[in-house]
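S.K.: Here you go, this is run-v6.tsv (TSV, C-alpha atoms).
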```tsv
chain	number	residue	atom	x	y	z
A	1	MET	CA	-17.53	0.88	-32.89
A	2	ALA	CA	-17.34	4.37	-31.42
A	3	GLU	CA	-20.26	3.56	-29.11
A	4	LEU	CA	-18.49	0.40	-27.92
A	5	LEU	CA	-15.34	2.39	-27.14
A	6	ARG	CA	-17.38	4.96	-25.22
A	7	ASN	CA	-19.00	2.20	-23.15
A	8	GLU	CA	-15.62	0.60	-22.40
A	9	THR	CA	-14.17	3.97	-21.42
A	10	HIS	CA	-17.15	4.67	-19.18
A	11	HIS	CA	-16.63	1.30	-17.50
A	12	GLU	CA	-12.94	2.08	-16.91
A	13	PHE	CA	-13.83	5.46	-15.39
A	14	GLU	CA	-16.35	3.85	-13.06
A	15	SER	CA	-13.83	1.15	-12.10
A	16	PHE	CA	-11.11	3.57	-11.12
A	17	HIS	CA	-13.63	5.81	-9.39
A	18	ARG	CA	-14.68	2.83	-7.26
A	19	PHE	CA	-11.04	1.94	-6.62
A	20	PHE	CA	-10.28	5.50	-5.49
A	21	GLU	CA	-13.24	5.60	-3.11
A	22	SER	CA	-12.18	2.24	-1.66
A	23	TRP	CA	-8.60	3.49	-1.33
A	24	LEU	CA	-9.84	6.55	0.59
A	25	LEU	CA	-11.74	4.33	3.01
A	26	GLU	CA	-8.55	2.36	3.62
A	27	GLN	CA	-6.61	5.59	4.11
A	28	ASN	CA	-9.11	6.63	6.77
A	29	GLN	CA	-8.67	3.24	8.49
A	30	TYR	CA	-4.90	3.70	8.45
A	31	LEU	CA	-5.39	7.17	9.91
A	32	GLN	CA	-7.17	5.65	12.89
A	33	GLU	CA	-4.34	3.15	13.35
A	34	LEU	CA	-1.74	5.91	13.13
A	35	VAL	CA	-3.55	8.09	15.67
A	36	SER	CA	-3.84	5.12	18.02
A	37	ALA	CA	-0.12	4.37	17.60
A	38	SER	CA	0.83	8.01	18.24
A	39	ARG	CA	-0.94	7.85	21.61
A	40	THR	CA	0.96	4.75	22.70
A	41	ILE	CA	4.44	5.89	21.66
A	42	GLN	CA	5.86	6.69	25.09
A	43	GLY	CA	9.13	5.67	26.72
A	44	GLU	CA	10.34	2.25	25.62
A	45	VAL	CA	8.58	1.19	22.45
A	46	ASP	CA	9.19	-1.66	20.03
A	47	GLU	CA	10.19	0.22	16.89
A	48	ARG	CA	9.55	-2.88	14.78
A	49	ILE	CA	5.83	-2.57	15.45
A	50	ILE	CA	5.81	1.10	14.52
A	51	TRP	CA	7.91	0.50	11.40
A	52	SER	CA	5.55	-2.27	10.37
A	53	LEU	CA	2.66	0.19	10.45
A	54	VAL	CA	4.67	2.83	8.58
A	55	GLU	CA	5.64	0.30	5.89
A	56	ARG	CA	2.01	-0.72	5.43
A	57	VAL	CA	1.04	2.93	4.96
A	58	VAL	CA	3.83	3.43	2.40
A	59	ASN	CA	2.67	0.27	0.60
A	60	HIS	CA	-0.84	1.70	0.55
A	61	TYR	CA	0.42	4.75	-1.35
A	62	GLU	CA	2.46	2.52	-3.64
A	63	HIS	CA	-0.62	0.43	-4.38
A	64	TYR	CA	-2.46	3.58	-5.48
A	65	TYR	CA	0.27	4.59	-7.92
A	66	ARG	CA	0.56	1.09	-9.39
A	67	ALA	CA	-3.20	1.03	-10.02
A	68	LYS	CA	-3.15	4.55	-11.43
A	69	SER	CA	-0.33	3.62	-13.79
A	70	ARG	CA	-2.30	0.66	-15.16
A	71	TRP	CA	-5.39	2.77	-15.85
A	72	ALA	CA	-3.38	5.67	-17.26
A	73	LYS	CA	-1.91	3.50	-20.02
A	74	ASN	CA	-5.38	3.12	-21.53
A	75	HIS	CA	-7.12	6.32	-20.37
A	76	VAL	CA	-4.49	8.90	-19.50
A	77	MET	CA	-6.87	11.83	-20.18
A	78	SER	CA	-9.04	10.74	-17.27
A	79	MET	CA	-6.10	11.23	-14.91
A	80	PHE	CA	-5.85	14.88	-15.92
A	81	THR	CA	-9.61	15.48	-15.47
A	82	PRO	CA	-10.45	13.01	-12.68
A	83	SER	CA	-14.15	12.66	-11.91
A	84	TRP	CA	-13.26	11.18	-8.52
A	85	ARG	CA	-11.71	14.42	-7.30
A	86	SER	CA	-13.48	17.65	-6.40
A	87	SER	CA	-13.10	20.95	-8.24
A	88	LEU	CA	-11.16	22.27	-5.26
A	89	GLU	CA	-8.63	19.45	-5.61
A	90	ASP	CA	-8.49	19.98	-9.39
A	91	ALA	CA	-7.39	23.56	-8.79
A	92	PHE	CA	-4.28	22.38	-6.96
A	93	LEU	CA	-3.33	19.39	-9.13
A	94	TRP	CA	0.08	19.17	-10.78
A	95	ILE	CA	0.18	16.70	-13.69
A	96	GLY	CA	-2.65	14.62	-12.29
A	97	GLY	CA	-1.72	14.69	-8.61
A	98	TRP	CA	-0.22	16.64	-5.74
A	99	ARG	CA	3.02	18.52	-6.30
A	100	PRO	CA	5.89	16.52	-4.68
A	101	SER	CA	7.39	19.59	-2.99
A	102	ILE	CA	4.15	19.94	-0.99
A	103	THR	CA	5.52	17.06	1.08
A	104	TYR	CA	8.10	19.40	2.58
A	105	HIS	CA	5.61	22.20	3.21
A	106	LEU	CA	3.42	19.69	5.03
A	107	LEU	CA	6.37	18.48	7.08
A	108	TYR	CA	7.49	21.99	8.03
A	109	SER	CA	3.94	23.11	8.86
A	110	LYS	CA	3.25	20.15	11.13
A	111	SER	CA	6.70	20.42	12.70
A	112	GLY	CA	6.10	24.09	13.52
A	113	LEU	CA	2.70	23.36	15.05
A	114	GLN	CA	4.02	20.52	17.21
A	115	LEU	CA	7.08	22.52	18.21
A	116	GLU	CA	4.87	25.37	19.38
A	117	ALA	CA	2.64	22.97	21.33
A	118	ARG	CA	5.55	21.23	23.11
A	119	VAL	CA	8.08	24.06	23.41
A	120	ALA	CA	8.08	23.92	27.23
A	121	GLU	CA	9.13	20.26	27.21
A	122	LEU	CA	11.83	20.90	24.64
A	123	ILE	CA	13.22	23.77	26.69
A	124	ARG	CA	13.56	21.37	29.63
A	125	GLY	CA	15.53	19.04	27.38
A	126	LEU	CA	12.77	16.47	27.06
A	127	SER	CA	12.30	14.66	23.78
A	128	THR	CA	8.78	14.83	22.38
A	129	GLY	CA	9.44	12.25	19.67
A	130	ASP	CA	7.19	14.03	17.18
A	131	LEU	CA	7.90	16.35	14.25
A	132	GLY	CA	8.54	19.25	16.61
A	133	ASP	CA	11.66	17.38	17.70
A	134	LEU	CA	13.51	17.29	14.36
A	135	SER	CA	17.28	17.35	14.84
A	136	PRO	CA	19.62	19.77	13.01
A	137	ASN	CA	20.89	16.83	10.94
A	138	GLN	CA	17.35	15.84	9.96
A	139	LEU	CA	16.53	19.42	8.96
A	140	TYR	CA	19.69	19.52	6.84
A	141	GLN	CA	18.78	16.25	5.10
A	142	VAL	CA	15.22	17.41	4.46
A	143	ASN	CA	16.50	20.70	3.03
A	144	GLU	CA	18.81	18.84	0.62
A	145	LEU	CA	16.00	16.53	-0.44
A	146	GLN	CA	13.74	19.50	-1.04
A	147	LYS	CA	16.26	21.16	-3.34
A	148	ASN	CA	16.67	17.96	-5.36
A	149	THR	CA	12.91	17.44	-5.58
A	150	ILE	CA	12.33	20.99	-6.80
A	151	ARG	CA	14.94	20.46	-9.55
A	152	GLU	CA	13.26	17.25	-10.68
A	153	GLU	CA	9.86	18.92	-10.47
A	154	ARG	CA	11.10	21.72	-12.72
A	155	ASP	CA	12.41	19.24	-15.30
A	156	ILE	CA	9.10	17.37	-15.44
A	157	THR	CA	7.15	20.64	-15.65
A	158	GLU	CA	9.27	21.66	-18.64
A	159	LYS	CA	8.63	18.32	-20.35
A	160	HIS	CA	4.91	18.76	-19.75
A	161	ALA	CA	5.03	22.32	-21.13
A	162	GLU	CA	6.82	21.10	-24.26
A	163	LEU	CA	4.16	18.45	-24.72
A	164	GLN	CA	1.34	20.99	-24.26
A	165	GLU	CA	2.84	23.07	-27.06
A	166	THR	CA	2.54	20.14	-29.49
A	167	VAL	CA	-1.21	20.77	-29.65
A	168	ALA	CA	-0.29	23.47	-32.14
A	169	ASP	CA	2.53	21.65	-33.95
A	170	THR	CA	2.64	21.47	-37.74
A	171	SER	CA	1.04	18.04	-38.04
A	172	THR	CA	-1.90	18.92	-35.77
A	173	VAL	CA	-2.53	22.30	-37.39
A	174	GLU	CA	-2.42	20.73	-40.86
A	175	LEU	CA	-4.71	17.91	-39.78
A	176	SER	CA	-7.24	20.31	-38.25
A	177	HIS	CA	-7.31	22.21	-41.55
A	178	VAL	CA	-7.79	19.04	-43.63
A	179	VAL	CA	-10.62	17.78	-41.43
A	180	THR	CA	-12.34	21.17	-41.52
A	181	GLU	CA	-12.16	21.20	-45.33
A	182	LEU	CA	-13.60	17.69	-45.47
A	183	LEU	CA	-16.50	18.34	-43.10
A	184	ARG	CA	-18.71	18.95	-46.14
A	185	GLU	CA	-17.97	15.36	-47.17
A	186	GLU	CA	-18.96	13.52	-44.01
A	187	GLU	CA	-17.75	10.03	-45.00
A	188	ARG	CA	-14.29	11.21	-46.04
A	189	ALA	CA	-13.97	13.32	-42.91
A	190	SER	CA	-14.83	10.30	-40.78
A	191	ALA	CA	-12.19	8.24	-42.55
A	192	VAL	CA	-9.57	10.88	-41.82
A	193	GLU	CA	-10.64	11.11	-38.18
A	194	ASP	CA	-10.51	7.35	-37.72
A	195	GLY	CA	-7.00	7.21	-39.10
A	196	GLN	CA	-4.85	10.31	-39.00
A	197	VAL	CA	-6.55	11.91	-36.00
A	198	GLU	CA	-6.23	8.76	-33.92
A	199	ALA	CA	-2.56	8.40	-34.86
A	200	ASN	CA	-1.86	12.05	-34.06
A	201	LEU	CA	-3.60	11.99	-30.68
A	202	THR	CA	-2.25	8.57	-29.70
A	203	SER	CA	1.33	9.81	-29.98
A	204	LYS	CA	0.47	12.71	-27.68
A	205	GLU	CA	-1.34	10.44	-25.21
A	206	ASN	CA	1.68	8.13	-25.05
A	207	ARG	CA	3.88	11.07	-24.16
A	208	LEU	CA	1.35	12.19	-21.55
A	209	VAL	CA	1.57	8.74	-19.96
A	210	GLU	CA	5.37	9.08	-19.80
A	211	VAL	CA	5.19	12.53	-18.20
A	212	MET	CA	2.58	11.46	-15.65
A	213	GLN	CA	4.60	8.36	-14.79
A	214	LYS	CA	7.64	10.55	-14.09
A	215	ALA	CA	5.49	12.81	-11.91
A	216	ASP	CA	4.02	9.88	-9.97
A	217	ASP	CA	7.44	8.29	-9.55
A	218	LEU	CA	8.72	11.55	-8.07
A	219	ARG	CA	5.71	11.81	-5.76
A	220	LEU	CA	6.31	8.33	-4.36
A	221	LYS	CA	10.09	8.73	-4.20
A	222	THR	CA	9.73	12.00	-2.28
A	223	LEU	CA	7.40	10.35	0.23
A	224	LYS	CA	9.80	7.46	0.80
A	225	GLN	CA	12.87	9.69	1.09
A	226	VAL	CA	11.24	11.86	3.75
A	227	VAL	CA	10.26	8.77	5.75
A	228	GLU	CA	13.87	7.54	5.59
A	229	VAL	CA	14.98	10.74	7.33
A	230	LEU	CA	12.38	10.50	10.09
A	231	THR	CA	12.27	8.23	13.10
A	232	PRO	CA	9.43	5.66	13.28
A	233	ALA	CA	7.48	7.87	15.71
A	234	GLN	CA	7.99	10.96	13.56
A	235	SER	CA	6.86	9.02	10.48
A	236	VAL	CA	3.62	8.18	12.27
A	237	HIS	CA	2.97	11.88	12.93
A	238	PHE	CA	3.88	12.77	9.35
A	239	PHE	CA	1.44	10.27	7.87
A	240	ILE	CA	-1.28	11.41	10.25
A	241	ALA	CA	-0.86	14.97	8.94
A	242	ALA	CA	-0.78	13.75	5.32
A	243	ALA	CA	-3.94	11.66	5.67
A	244	GLU	CA	-5.83	14.37	7.57
A	245	LEU	CA	-4.98	16.97	4.93
A	246	HIS	CA	-5.87	14.71	2.01
A	247	LEU	CA	-9.14	13.46	3.46
A	248	ARG	CA	-10.35	16.83	4.70
A	249	VAL	CA	-9.52	18.72	1.47
A	250	HIS	CA	-11.33	16.00	-0.49
A	251	GLU	CA	-14.33	16.29	1.83
A	252	TRP	CA	-14.36	20.11	1.72
A	253	GLY	CA	-14.15	20.05	-2.07
A	254	LYS	CA	-17.08	17.66	-2.38
A	255	ARG	CA	-19.15	19.91	-0.12
A	256	LEU	CA	-18.29	22.98	-2.20
A	257	ASP	CA	-19.21	21.15	-5.40
A	258	ALA	CA	-22.53	20.05	-3.92
A	259	ARG	CA	-23.25	23.58	-2.71
A	260	ASN	CA	-22.40	25.04	-6.12
A	261	ASN	CA	-24.09	22.19	-7.97
A	262	THR	CA	-20.85	21.38	-9.81
A	263	THR	CA	-20.47	17.77	-8.71
A	264	LYS	CA	-18.66	15.82	-11.40
A	265	SER	CA	-19.71	12.42	-12.65
A	266	PRO	CA	-17.97	9.75	-14.72
A	267	ASN	CA	-20.11	10.79	-17.69
A	268	MET	CA	-18.90	14.36	-17.38
A	269	ALA	CA	-15.32	13.15	-17.18
A	270	ASN	CA	-15.87	11.07	-20.30
A	271	ASP	CA	-17.14	14.08	-22.19
A	272	ASN	CA	-14.15	16.12	-21.05
A	273	GLY	CA	-11.75	13.34	-21.97
A	274	HIS	CA	-13.12	13.02	-25.51
A	275	SER	CA	-13.03	16.74	-26.12
A	276	GLN	CA	-9.37	17.17	-25.27
```
As structure tokens, what does this structure read like?

M.R.:
Amino acid sequence: MAELLRNETHHEFESFHRFFESWLLEQNQYLQELVSASRTIQGEVDERIIWSLVERVVNHYEHYYRAKSRWAKNHVMSMFTPSWRSSLEDAFLWIGGWRPSITYHLLYSKSGLQLEARVAELIRGLSTGDLGDLSPNQLYQVNELQKNTIREERDITEKHAELQETVADTSTVELSHVVTELLREEERASAVEDGQVEANLTSKENRLVEVMQKADDLRLKTLKQVVEVLTPAQSVHFFIAAAELHLRVHEWGKRLDARNNTTKSPNMANDNGHSQ
């Protein structure tokens, strides 16, 4: 039975790994479309065409989170130790993904770079249409959104911290003692593990799913709220920056892992997942 469960879990890991790699390829394709669109946004432009592209990119992110949510319900541990991400990405993960407030840092960084590159045009009163051309009202809205996001982030972080502390709650400590005492009687220990241990860990996994879902919901909501503040052209530039950062950090991390011989595999992730 245990072997069957391990095989099923391995299959699920491989499936999501394949999904993630396919999703990255699609993100790279969208990046090419976005770059092409950014080069044609001049003078009179049909905003419906640009918005259509932006909506498809948002839907692409939404598709990722829907798929992740489905897999997390059965294998939430894998989302905290993802084999499909590099060690570099792991180091910057927050509850299984990027921290929502990073959205604003990305926006401000790209805005500053584009402002610096087009400052002469802006001084002459020309509109650049990119993120260097954010209006005072847009900056105010983004600042308000950032404050709200940080508050929600803090609440979710506290919930996650409370859940992490349950690894040493009374029931788990007592259970670890009972199992240790029964290790000399292998059959009885196995019976306890198959029952009480599963019940104890399942309750914690269910709460992990809830916390991760809140984190993913905030990630997606933050993305959508920022896009609502931006113009269609600015949204194109924002998603270009987001895709470039995501794809390049993923690529750099894989190279570092290969260089350090620390490349992760689904099998490794399975081992990690079972040991937690």

S.K.: Here's a test: counting all atoms listed in the file, identify every protein, DNA and RNA residue with an atom at most 12 Å from (-9.6, 20.1, -37.9) in the file's coordinate frame, and state them as a PyMOL selection string.

M.R.: chain A and resi 167-168+171-183+189-190+192-193+196-197+200

S.K.: Might you pull out every residue within 12 Å of stretch 29-38 of chain A, with all atoms listed in the file counted and same-chain residues fewer than 2 positions away left off, and present them as a PyMOL selection string?

M.R.: chain A and resi 22-27+40-42+45-47+49-61+128-131+232-247

S.K.: Give me a file of those residues, with C-alpha atoms, as an mmCIF file, in the coordinates of the input.

M.R.:
```
data_model
loop_
_atom_site.group_PDB
_atom_site.id
_atom_site.type_symbol
_atom_site.label_atom_id
_atom_site.label_comp_id
_atom_site.auth_asym_id
_atom_site.auth_seq_id
_atom_site.Cartn_x
_atom_site.Cartn_y
_atom_site.Cartn_z
ATOM 1 C CA SER A 22 -12.180 2.240 -1.660
ATOM 2 C CA TRP A 23 -8.600 3.490 -1.330
ATOM 3 C CA LEU A 24 -9.840 6.550 0.590
ATOM 4 C CA LEU A 25 -11.740 4.330 3.010
ATOM 5 C CA GLU A 26 -8.550 2.360 3.620
ATOM 6 C CA GLN A 27 -6.610 5.590 4.110
ATOM 7 C CA THR A 40 0.960 4.750 22.700
ATOM 8 C CA ILE A 41 4.440 5.890 21.660
ATOM 9 C CA GLN A 42 5.860 6.690 25.090
ATOM 10 C CA VAL A 45 8.580 1.190 22.450
ATOM 11 C CA ASP A 46 9.190 -1.660 20.030
ATOM 12 C CA GLU A 47 10.190 0.220 16.890
ATOM 13 C CA ILE A 49 5.830 -2.570 15.450
ATOM 14 C CA ILE A 50 5.810 1.100 14.520
ATOM 15 C CA TRP A 51 7.910 0.500 11.400
ATOM 16 C CA SER A 52 5.550 -2.270 10.370
ATOM 17 C CA LEU A 53 2.660 0.190 10.450
ATOM 18 C CA VAL A 54 4.670 2.830 8.580
ATOM 19 C CA GLU A 55 5.640 0.300 5.890
ATOM 20 C CA ARG A 56 2.010 -0.720 5.430
ATOM 21 C CA VAL A 57 1.040 2.930 4.960
ATOM 22 C CA VAL A 58 3.830 3.430 2.400
ATOM 23 C CA ASN A 59 2.670 0.270 0.600
ATOM 24 C CA HIS A 60 -0.840 1.700 0.550
ATOM 25 C CA TYR A 61 0.420 4.750 -1.350
ATOM 26 C CA THR A 128 8.780 14.830 22.380
ATOM 27 C CA GLY A 129 9.440 12.250 19.670
ATOM 28 C CA ASP A 130 7.190 14.030 17.180
ATOM 29 C CA LEU A 131 7.900 16.350 14.250
ATOM 30 C CA PRO A 232 9.430 5.660 13.280
ATOM 31 C CA ALA A 233 7.480 7.870 15.710
ATOM 32 C CA GLN A 234 7.990 10.960 13.560
ATOM 33 C CA SER A 235 6.860 9.020 10.480
ATOM 34 C CA VAL A 236 3.620 8.180 12.270
ATOM 35 C CA HIS A 237 2.970 11.880 12.930
ATOM 36 C CA PHE A 238 3.880 12.770 9.350
ATOM 37 C CA PHE A 239 1.440 10.270 7.870
ATOM 38 C CA ILE A 240 -1.280 11.410 10.250
ATOM 39 C CA ALA A 241 -0.860 14.970 8.940
ATOM 40 C CA ALA A 242 -0.780 13.750 5.320
ATOM 41 C CA ALA A 243 -3.940 11.660 5.670
ATOM 42 C CA GLU A 244 -5.830 14.370 7.570
ATOM 43 C CA LEU A 245 -4.980 16.970 4.930
ATOM 44 C CA HIS A 246 -5.870 14.710 2.010
ATOM 45 C CA LEU A 247 -9.140 13.460 3.460
#
```

S.K.: Between atom CA of A:Ser86 and atom CA of A:Glu210, what is the spacing in Å?

M.R.: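 Going from atom CA of A:Glu210 over to atom CA of A:Ser86 covers 24.7 Å.
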
S.K.: When you draw a straight line from atom CA of A:Lys221 to atom CA of A:Glu62, how long is it in Å?

M.R.: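 Atom CA of A:Glu62 lies 9.9 Å from atom CA of A:Lys221.
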
S.K.: In Å, how far is it from atom CA of A:Leu218 to atom CA of A:Glu153?

M.R.: 7.8 Å

S.K.: Which is closest to A:Met79 among A:Asp217, A:Val229, A:Tyr140, A:Ile95, if we use all atoms listed in the file?

M.R.: A:Ile95

S.K.: Considering all atoms listed in the file, return as a list in words whatever protein or nucleic-acid residues lie within 8 Å of stretch 99-105 of chain A, sequence-local ones (same chain, fewer than 4 positions apart) excluded.

M.R.: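 Selected residues are Leu93, Trp94, Ser109, Val142, Gln146, Thr149, Ile150, Glu153, Leu218, Arg219, Thr222 and Leu223 of chain A.
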
S.K.: Box time for stretch 55-62 of chain A: axis-aligned, enclosing all its listed atoms, 5 Å extra on each side; report centre and edge lengths in Å to one decimal, as AutoDock Vina command-line options.

M.R.:
```
--center_x 2.4 --center_y 2.0 --center_z 1.1 --size_x 16.5 --size_y 15.5 --size_z 19.5
```

S.K.: For A:Arg66, which residue out of A:Glu144, A:Glu251, A:Asp216, A:Glu228 is the nearest one, using all atoms listed in the file?

M.R.: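 Of A:Glu144, A:Glu251, A:Asp216, A:Glu228, the one nearest A:Arg66 is A:Asp216, counting all atoms listed in the file.
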
S.K.: Using all atoms listed in the file for the distances, tell me which of A:Leu145, A:Ile156, A:Leu230, A:Leu113 is nearest to A:Gln213.

M.R.: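 Of the candidates, the smallest distance to A:Gln213 is held by A:Ile156.
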
S.K.: Could you check which of A:Gln225, A:Asp169, A:Arg248, A:Val209 is closest to A:Asn148, using all atoms listed in the file?

M.R.: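 Residue with the minimum atom-to-atom distance to A:Asn148: A:Gln225.
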
S.K.: Up to 10 Å from (1.2, 18.8, -19.2) in the file's coordinates: name the residues, counting all atoms listed in the file, as JSON, numbers by chain.

M.R.: {"A": [80, 94, 95, 96, 156, 157, 158, 159, 160, 161, 162, 163, 164, 165, 207, 208, 211, 212]}
